[in-house]
Amino acid sequence: MRGLALLDAIRAVWWREVRRTLTDRGQLVGGVSRPVLWVIVLGIGLNPWFRGETYGDLRFVVPFTYLQFIFPAVVVLNILYAAIQSASSLIWDRKFGFLRELLVSPMPRTAILLAKVLAGTTIAVVHGCLVLAISRIAGVSLGWDTLLMALALMAALGFAATCLGIVLAISLREFESFGVFSNAVILPLYFTAGSVFPIDPSFSRAQTLMTYPAWLVTVVEANPLTYAVDTMRGVLIGWQEHAAWIGPTVIGTSVIVLFALAAYRFSRL
Amino acid sequence: MTALALQAAGVEHAFGETVALRNVSLDVPRGTVAALLGPNGAGKSTLVDCFCTVLRPDAGHLEIGGVDLMRRPQQARRRIGVVFQEPTLDTRLSVRANLAVHCAAWGVPRAARQAAIAEALEVAGLAHRADAPAASLSTGMRRRLEIARALLHGPEVLILDEPTTGLDAASRLALWDHVTGLAARRDLTVLCTTHYTHEVEAADRVHVIAEGRIVAEGSPDELRARFGHGVLRLRPRDLAARRAVEAAHPDASWSDGMATIRPSPPDTVDALFHRWADAARDISIERASLESAVLALTEKGT
Ligand SMILES: Nc1ncnc2c1ncn2[C@@H]1O[C@H](COP(=O)(O)OP(=O)(O)OP(=O)(O)O)[C@@H](O)[C@H]1O
Ligand SMILES: [Mg+2]
């Protein structure tokens with residue numbers, strides 16, 4: 001199988017996956033309720049406490065409201081959830097579902113994987129857009145150029161996260177449900193990604209370590225998602241903690257490494 | 001072109017400690033319907049998975065229409081249509097959408113798709129439900145849809161893994177009629193697994209599998225004749241008759257003055273009936289059944 005027939009096969013499998021997920025009300029409810037809770041309830045609730053905090057002689061200098069600060073992180077959170085949830089259907093699909101059928105088709109394994117990952121990416125971008133839809137409430141204004149950059153970044157993140165989800169789904173086959181993923185993978189990754197509080201770059205390292213325990217600083221700095229959230233902030237609110245080149249480099253590397261890893265695991269399924 | 005559509009030689013497979021297939025060899029001639037009959041856990045699905053390249057056997061050789069499965073799996077896959085034991089329909093999509101995705105994944109040329117899907121709907125008897133979600137179909141309809149889907153890309157061989165589970169007795173027989181009819185009309189070769197003995201009467205050849213080994217094969221009649229137990233039950237008319245029966249059949253079992261005799265070979269049961277008819281107050285026979293043959297084969301184990 002090659003050429004146009006192969007593209008058509010990938011398109012069909014991608015579209016099937018997208019259609020069945022987007023018609024699943026349960027997943028949409030999550031996609032809508034997460035941004036509402038995180039942005040509106042948590043964001044508005046913590047907003048008054050965010051600025052002008054003083055610790056000894058240190059003072060935070062983030063020039064934004066907490067709502068604006070957390071908004072890009074919630075976009076990333078929704079993408080993570082949607083992508084990993086989409087990937088986790090692999091566990092079930094391999095044993096009983098459509099994937100079992102596909103594995104006996106003449107489609108090459110990598111093509112099946114690509115269709116699945118692109119579907120996860122599409123769904124993730126849709127869920128990211130659900131958050132963007134409430135940008136006004138968060139006080140974030142989006143121009144066309146911002147929107148285009150955000151879409152590209154969301155797609156790259158969704159792609160990498162779906163690959164990660166697939167690697168996990170294949171490796172941890174005894175974990176039957178998405179709930180395990182959400183508690184053991186998504187939330188820990190999210191909370192240690194500088195998403196809900198900044199580790200301020202205007203501090204020297206010594207100052208940072210005075211404010212936060214060393215283990216937390218290390219974990220946050222080692223978490224690749226930190227740089228994704230940071231880049232999303234750069235795009236959406238024009239402020240970021242780290243140098244602008246770091247995020248795209250980390251994300252690009254993750255896309256390549258995670259897809260290669262997923263392809264390797266998938267080929268031996 | 002070889003005369004064999006499916007061929008397995010010396011296939012072995014183990015899942016860790018569990019040996020699922022032991023030196024399994026099996027030939028299915030082109031255009032015939034073969035049944036793979038065995039109890040739960042016999043290794044039927046494992047063999048099916050080997051034939052459809054989902055599983056790579058630890059040892060042995062597999063061919064489909066002369067194509068080596070290990071060497072050219074892609075080419076072999078085009079030649080088979082598979083219906084798995086677990087249903088794999090996408091219940092959230094419509095009947096037609098399920099068929100359309102299969103066409104694309106198997107590379108059925110675009111120009112031929114409409115016709116192929118229409119024919120599949122016809123074959124499944126589901127033309128009037130084409131746009132209903134697959135979730136709304138009954139179990140029997142879903143099975144027919146899965147079979148029609150497996151035939152969309154025009155395979156030479158159809159492999160069905162326990163297609164009749166979950167169906168009532170009448171639907172089971174109807175499904176077998178459906179399959180044997182398809183096989184005849186389309187010149188298909190069929191390999192179908194089941195654990196219901198009476199179903200395999202429709203097959204040309206039956207391969208009995210137990211504990212990962214093929215323990216017998218032949219036409220249903222051959223199996224019945226070779227391995228079935230005919231049973232003769234008689235109540236002798238008087239003491240002299242009883243003595244005579246005891247002398248002739250020392251291994252008969254008695255209870256309440258009634259003898260149960262299992263002659264060997266089983267087809268002598270009719271002759272025995274005539275021999276003892278006059279000496280008995282009550283006499284009855286049970287001819288060798290496929291059921292008894294298979295029970296004898298699979299219970300013996302290894
Ligand atoms: N994925 C697996 N991992 C471990 N053991 C397995 C696996 N699949 C099958 N087995 C074992 O291999 C043996 C054969 O199983 P198989 O599924 O082929 O039987 P079967 O004849 O299809 O049975 P059934 O009628 O119940 O479908 C069984 O002992 C089973 O426990
Ligand atoms: Mg089975």
# chains A, B, ... in the order shown; residues from 1 in each chain; ligands from 1
>>> closest_atom_pairs(of="chain A", to="chain B", cutoff="10 Å", atoms="only C-alpha atoms", output="CSV")
residue,atom,partner,partner_atom,distance
A:Met1,CA,B:Gly107,CA,7.2
A:Arg2,CA,B:Gly107,CA,9.3
A:Leu4,CA,B:Gly107,CA,9.4
A:Ala5,CA,B:Gly107,CA,5.6
A:Leu6,CA,B:Gly107,CA,7.4
A:Leu7,CA,B:Ala104,CA,9.4
A:Asp8,CA,B:Ala104,CA,6.3
A:Ala9,CA,B:Ala105,CA,4.6
A:Ile10,CA,B:Ala105,CA,7.6
A:Arg11,CA,B:Ala104,CA,8.5
A:Ala12,CA,B:Val101,CA,5.7
A:Val13,CA,B:Val101,CA,6.7
A:Trp14,CA,B:Val101,CA,9.9
A:Trp15,CA,B:Val101,CA,9.1
A:Arg16,CA,B:Val101,CA,7.4
A:Glu17,CA,B:Asp90,CA,9.9
A:Arg19,CA,B:Leu93,CA,8.4
A:Arg20,CA,B:Arg92,CA,6.5
A:Thr21,CA,B:Arg92,CA,9.6
A:Thr23,CA,B:Arg92,CA,8.5
A:Asp24,CA,B:Arg92,CA,9.0
A:Asp93,CA,B:Thr88,CA,8.5
A:Arg94,CA,B:Thr88,CA,9.7
A:Lys95,CA,B:Glu86,CA,8.1
A:Phe96,CA,B:Glu86,CA,5.7
A:Gly97,CA,B:Thr88,CA,4.6
A:Phe98,CA,B:Thr88,CA,5.1
A:Leu99,CA,B:Thr88,CA,8.2
A:Arg100,CA,B:Thr88,CA,7.3
A:Glu101,CA,B:Thr88,CA,6.6
A:Leu102,CA,B:Ala105,CA,7.3
A:Leu103,CA,B:Val54,CA,6.8
A:Val104,CA,B:Arg77,CA,6.2
A:Ser105,CA,B:Trp106,CA,5.8
A:Pro106,CA,B:Gln74,CA,5.2
A:Met107,CA,B:Ala105,CA,6.4
A:Pro108,CA,B:Gln74,CA,8.1
A:Ile112,CA,B:Ala105,CA,9.1
A:Leu269,CA,B:Val54,CA,8.7
>>> residues_near_ligand(ligand="ligand 2", cutoff="9 Å", atoms="only C-alpha atoms and all ligand atoms", output="NGL selection string")
:B and (40-46 or 48 or 84-86 or 161-162 or 193-194)
>>> write_last_selection(atoms="all heavy atoms", output="short mmCIF file (atom, residue, chain, number, x, y, z; two decimals), in the first residue's frame")
data_model
loop_
_atom_site.label_atom_id
_atom_site.label_comp_id
_atom_site.auth_asym_id
_atom_site.auth_seq_id
_atom_site.Cartn_x
_atom_site.Cartn_y
_atom_site.Cartn_z
N ASN B 40 -13.37 -24.56 25.08
CA ASN B 40 -12.76 -23.29 25.50
C ASN B 40 -11.29 -23.51 25.85
O ASN B 40 -10.95 -24.50 26.49
CB ASN B 40 -13.47 -22.74 26.75
CG ASN B 40 -14.86 -22.23 26.43
OD1 ASN B 40 -15.78 -22.46 27.18
ND2 ASN B 40 -15.01 -21.55 25.33
N GLY B 41 -10.47 -22.60 25.40
CA GLY B 41 -9.05 -22.68 25.74
C GLY B 41 -8.26 -23.68 24.94
O GLY B 41 -7.10 -23.96 25.24
N ALA B 42 -8.87 -24.24 23.89
CA ALA B 42 -8.19 -25.28 23.10
C ALA B 42 -7.07 -24.70 22.25
O ALA B 42 -6.14 -25.40 21.87
CB ALA B 42 -9.21 -26.00 22.22
N GLY B 43 -7.16 -23.42 21.93
CA GLY B 43 -6.13 -22.80 21.09
C GLY B 43 -6.67 -22.32 19.76
O GLY B 43 -5.91 -21.92 18.88
N LYS B 44 -7.99 -22.30 19.60
CA LYS B 44 -8.61 -21.89 18.33
C LYS B 44 -8.25 -20.45 17.97
O LYS B 44 -7.76 -20.18 16.87
CB LYS B 44 -10.14 -22.03 18.41
CG LYS B 44 -10.63 -23.42 18.78
CD LYS B 44 -12.14 -23.50 18.77
CE LYS B 44 -12.83 -22.68 19.86
NZ LYS B 44 -12.56 -23.13 21.24
N SER B 45 -8.50 -19.54 18.91
CA SER B 45 -8.23 -18.13 18.61
C SER B 45 -6.74 -17.90 18.39
O SER B 45 -6.35 -17.06 17.57
CB SER B 45 -8.71 -17.25 19.76
OG SER B 45 -10.10 -17.35 19.90
N THR B 46 -5.91 -18.62 19.11
CA THR B 46 -4.47 -18.46 18.92
C THR B 46 -4.08 -18.84 17.49
O THR B 46 -3.31 -18.13 16.84
CB THR B 46 -3.71 -19.34 19.94
OG1 THR B 46 -4.21 -19.06 21.24
CG2 THR B 46 -2.23 -19.06 19.89
N VAL B 48 -6.07 -18.82 14.88
CA VAL B 48 -6.64 -17.80 14.00
C VAL B 48 -5.74 -16.56 13.98
O VAL B 48 -5.42 -16.01 12.92
CB VAL B 48 -8.07 -17.41 14.47
CG1 VAL B 48 -8.51 -16.09 13.83
CG2 VAL B 48 -9.05 -18.52 14.13
N PHE B 84 -13.24 -11.50 14.00
CA PHE B 84 -12.70 -11.93 15.29
C PHE B 84 -13.79 -12.40 16.23
O PHE B 84 -14.96 -12.10 16.05
CB PHE B 84 -11.94 -10.78 15.94
CG PHE B 84 -10.66 -10.45 15.25
CD1 PHE B 84 -10.54 -9.32 14.47
CD2 PHE B 84 -9.57 -11.31 15.37
CE1 PHE B 84 -9.36 -9.02 13.84
CE2 PHE B 84 -8.39 -11.02 14.73
CZ PHE B 84 -8.28 -9.87 13.96
N GLN B 85 -13.34 -13.12 17.27
CA GLN B 85 -14.29 -13.60 18.28
C GLN B 85 -14.97 -12.41 18.98
O GLN B 85 -16.18 -12.41 19.13
CB GLN B 85 -13.51 -14.44 19.29
CG GLN B 85 -14.38 -15.07 20.35
CD GLN B 85 -13.61 -16.13 21.14
OE1 GLN B 85 -12.45 -16.40 20.91
NE2 GLN B 85 -14.30 -16.72 22.09
N GLU B 86 -14.19 -11.41 19.38
CA GLU B 86 -14.78 -10.20 19.96
C GLU B 86 -15.24 -9.32 18.81
O GLU B 86 -14.51 -9.12 17.86
CB GLU B 86 -13.76 -9.36 20.73
CG GLU B 86 -12.95 -9.89 21.90
CD GLU B 86 -13.39 -11.13 22.58
OE1 GLU B 86 -14.49 -11.42 22.42
OE2 GLU B 86 -12.63 -11.79 23.27
N ASP B 161 -13.86 -16.50 13.71
CA ASP B 161 -13.57 -17.06 15.02
C ASP B 161 -14.84 -17.04 15.87
O ASP B 161 -15.29 -15.98 16.31
CB ASP B 161 -12.45 -16.26 15.70
CG ASP B 161 -11.87 -16.99 16.90
OD1 ASP B 161 -12.29 -18.15 17.16
OD2 ASP B 161 -11.00 -16.42 17.57
N GLU B 162 -15.40 -18.22 16.07
CA GLU B 162 -16.64 -18.38 16.84
C GLU B 162 -17.70 -17.34 16.48
O GLU B 162 -18.16 -16.59 17.35
CB GLU B 162 -16.33 -18.32 18.34
CG GLU B 162 -15.39 -19.43 18.73
CD GLU B 162 -15.44 -19.76 20.21
OE1 GLU B 162 -16.49 -19.53 20.83
OE2 GLU B 162 -14.45 -20.28 20.72
N THR B 193 -14.14 -21.34 13.38
CA THR B 193 -13.98 -22.05 14.65
C THR B 193 -15.31 -22.07 15.40
O THR B 193 -16.15 -21.20 15.21
CB THR B 193 -12.94 -21.38 15.57
OG1 THR B 193 -13.56 -20.25 16.20
CG2 THR B 193 -11.72 -20.93 14.80
N THR B 194 -15.47 -23.07 16.23
CA THR B 194 -16.68 -23.15 17.04
C THR B 194 -16.46 -24.15 18.17
O THR B 194 -15.53 -24.95 18.13
CB THR B 194 -17.89 -23.60 16.20
OG1 THR B 194 -19.05 -23.63 17.04
CG2 THR B 194 -17.68 -24.98 15.62
#
>>> residues_around(residues="Ile256 of chain A", least_positions_apart="4", cutoff="12 Å", atoms="only C-alpha atoms", output="list in words")
Ala156, Leu157, Phe159, Ala160, Ala161, Cys163, Leu164, Thr249, Val250, Ile251, Gly252, Ala260, Leu261, Ala262 and Ala263 of chain A
>>> write_last_selection(atoms="N, CA and C atoms", output="tab-separated table (two decimals), in the first residue's frame")
chain	number	residue	atom	x	y	z
A	156	ALA	N	1.42	21.11	17.84
A	156	ALA	CA	2.68	20.45	18.18
A	156	ALA	C	2.58	19.78	19.54
A	157	LEU	N	1.97	20.49	20.51
A	157	LEU	CA	1.81	19.94	21.85
A	157	LEU	C	0.89	18.72	21.84
A	159	PHE	N	0.30	16.72	19.38
A	159	PHE	CA	0.99	15.61	18.72
A	159	PHE	C	1.91	14.89	19.71
A	160	ALA	N	2.74	15.69	20.40
A	160	ALA	CA	3.67	15.09	21.36
A	160	ALA	C	2.93	14.38	22.48
A	161	ALA	N	1.85	15.01	22.98
A	161	ALA	CA	1.12	14.42	24.11
A	161	ALA	C	0.41	13.12	23.69
A	163	CYS	N	1.47	11.04	21.38
A	163	CYS	CA	2.54	10.03	21.31
A	163	CYS	C	2.89	9.53	22.71
A	164	LEU	N	3.01	10.46	23.66
A	164	LEU	CA	3.31	10.07	25.04
A	164	LEU	C	2.22	9.14	25.56
A	249	THR	N	12.39	24.51	21.02
A	249	THR	CA	13.39	23.44	20.93
A	249	THR	C	12.93	22.21	21.70
A	250	VAL	N	12.46	22.44	22.94
A	250	VAL	CA	12.01	21.32	23.77
A	250	VAL	C	10.81	20.63	23.10
A	251	ILE	N	9.87	21.43	22.59
A	251	ILE	CA	8.66	20.85	21.99
A	251	ILE	C	9.02	20.08	20.72
A	252	GLY	N	9.85	20.68	19.86
A	252	GLY	CA	10.26	20.01	18.62
A	252	GLY	C	10.96	18.69	18.92
A	260	ALA	N	9.00	8.71	17.58
A	260	ALA	CA	9.89	7.57	17.31
A	260	ALA	C	9.66	6.45	18.32
A	261	LEU	N	9.52	6.84	19.58
A	261	LEU	CA	9.29	5.87	20.65
A	261	LEU	C	7.95	5.15	20.44
A	262	ALA	N	6.92	5.95	20.11
A	262	ALA	CA	5.60	5.37	19.90
A	262	ALA	C	5.64	4.42	18.70
A	263	ALA	N	6.34	4.81	17.64
A	263	ALA	CA	6.42	3.96	16.44
A	263	ALA	C	7.12	2.66	16.78
>>> select_by_dssp(residues="segment 62-230 of chain B", states="helix (DSSP H, G or I)", output="JSON, numbers by chain")
{"B": [73, 74, 75, 76, 77, 78, 95, 96, 97, 98, 99, 100, 101, 102, 103, 104, 105, 110, 111, 112, 113, 114, 115, 116, 117, 118, 119, 120, 121, 122, 123, 124, 127, 128, 129, 134, 135, 136, 139, 140, 141, 142, 143, 144, 145, 146, 147, 148, 149, 150, 169, 170, 171, 172, 173, 174, 175, 176, 177, 178, 179, 180, 181, 182, 183, 184, 185, 186, 197, 198, 199, 200, 201, 202, 220, 221, 222, 223, 224, 225, 226, 227]}
>>> residues_around(residues="Ala124 of chain B", least_positions_apart="3", cutoff="8 Å", atoms="only C-alpha atoms", output="mmCIF file with N, CA and C atoms, in the first residue's frame")
data_model
loop_
_atom_site.group_PDB
_atom_site.id
_atom_site.type_symbol
_atom_site.label_atom_id
_atom_site.label_comp_id
_atom_site.auth_asym_id
_atom_site.auth_seq_id
_atom_site.Cartn_x
_atom_site.Cartn_y
_atom_site.Cartn_z
ATOM 1 N N ALA B 120 -22.196 -5.368 -0.075
ATOM 2 C CA ALA B 120 -22.033 -5.845 1.295
ATOM 3 C C ALA B 120 -23.327 -5.673 2.088
ATOM 4 N N LEU B 121 -23.988 -4.539 1.880
ATOM 5 C CA LEU B 121 -25.254 -4.300 2.573
ATOM 6 C C LEU B 121 -26.273 -5.360 2.165
ATOM 7 N N ALA B 127 -29.533 -3.549 3.901
ATOM 8 C CA ALA B 127 -29.656 -2.373 3.028
ATOM 9 C C ALA B 127 -30.605 -1.336 3.635
ATOM 10 N N MET B 141 -27.433 -9.490 13.488
ATOM 11 C CA MET B 141 -27.194 -8.521 12.406
ATOM 12 C C MET B 141 -25.759 -8.049 12.417
ATOM 13 N N ARG B 144 -23.543 -10.593 10.861
ATOM 14 C CA ARG B 144 -23.660 -10.602 9.400
ATOM 15 C C ARG B 144 -22.945 -9.395 8.805
ATOM 16 N N LEU B 145 -23.043 -8.270 9.496
ATOM 17 C CA LEU B 145 -22.355 -7.063 9.009
ATOM 18 C C LEU B 145 -20.841 -7.262 9.045
ATOM 19 N N ILE B 147 -19.236 -10.036 8.809
ATOM 20 C CA ILE B 147 -18.853 -10.974 7.745
ATOM 21 C C ILE B 147 -18.841 -10.248 6.400
ATOM 22 N N ALA B 148 -19.884 -9.451 6.161
ATOM 23 C CA ALA B 148 -19.940 -8.707 4.897
ATOM 24 C C ALA B 148 -18.766 -7.738 4.796
#
>>> closest_residue(among="B:Gly60, B:Val208, B:Leu234, B:Glu146", to="ligand 1", atoms="only C-alpha atoms and all ligand atoms")
B:Val208
>>> residues_around(residues="segment 196-198 of chain B", least_positions_apart="2", cutoff="9 Å", atoms="only C-alpha atoms", output="list in words")
Leu37, Gly38, Pro39, Thr164, Thr194, Val200, Glu201, Ala202, Leu290, Glu291 and Val294 of chain B
>>> atom_distance(atom1="atom CA of Cys192 of chain B", atom2="atom CA of Leu36 of chain B")
6.0 Å
>>> closest_residue(among="B:Ala116, B:Ala132, B:Ala277, B:Ala20", to="ligand 1", atoms="only C-alpha atoms and all ligand atoms")
B:Ala20
>>> closest_residue(among="B:Ser25, B:Ser219, B:Thr165, B:Ser255", to="ligand 1", atoms="only C-alpha atoms and all ligand atoms")
B:Thr165
>>> residues_around(residues="Ala130 of chain B", least_positions_apart="4", cutoff="8 Å", atoms="only C-alpha atoms", output="list in words")
Ser94, Val95, Arg96, Leu121 and Leu126 of chain B
>>> write_last_selection(atoms="C-alpha atoms", output="PDB file, in the first residue's frame")
ATOM      1  CA  SER B  94     -23.386   4.069  11.010  1.00  0.00           C
ATOM      2  CA  VAL B  95     -23.471   0.710   9.251  1.00  0.00           C
ATOM      3  CA  ARG B  96     -22.341   2.381   6.043  1.00  0.00           C
ATOM      4  CA  LEU B 121     -25.254  -4.300   2.573  1.00  0.00           C
ATOM      5  CA  LEU B 126     -28.976  -4.656   5.994  1.00  0.00           C
TER       6      LEU B 126
END
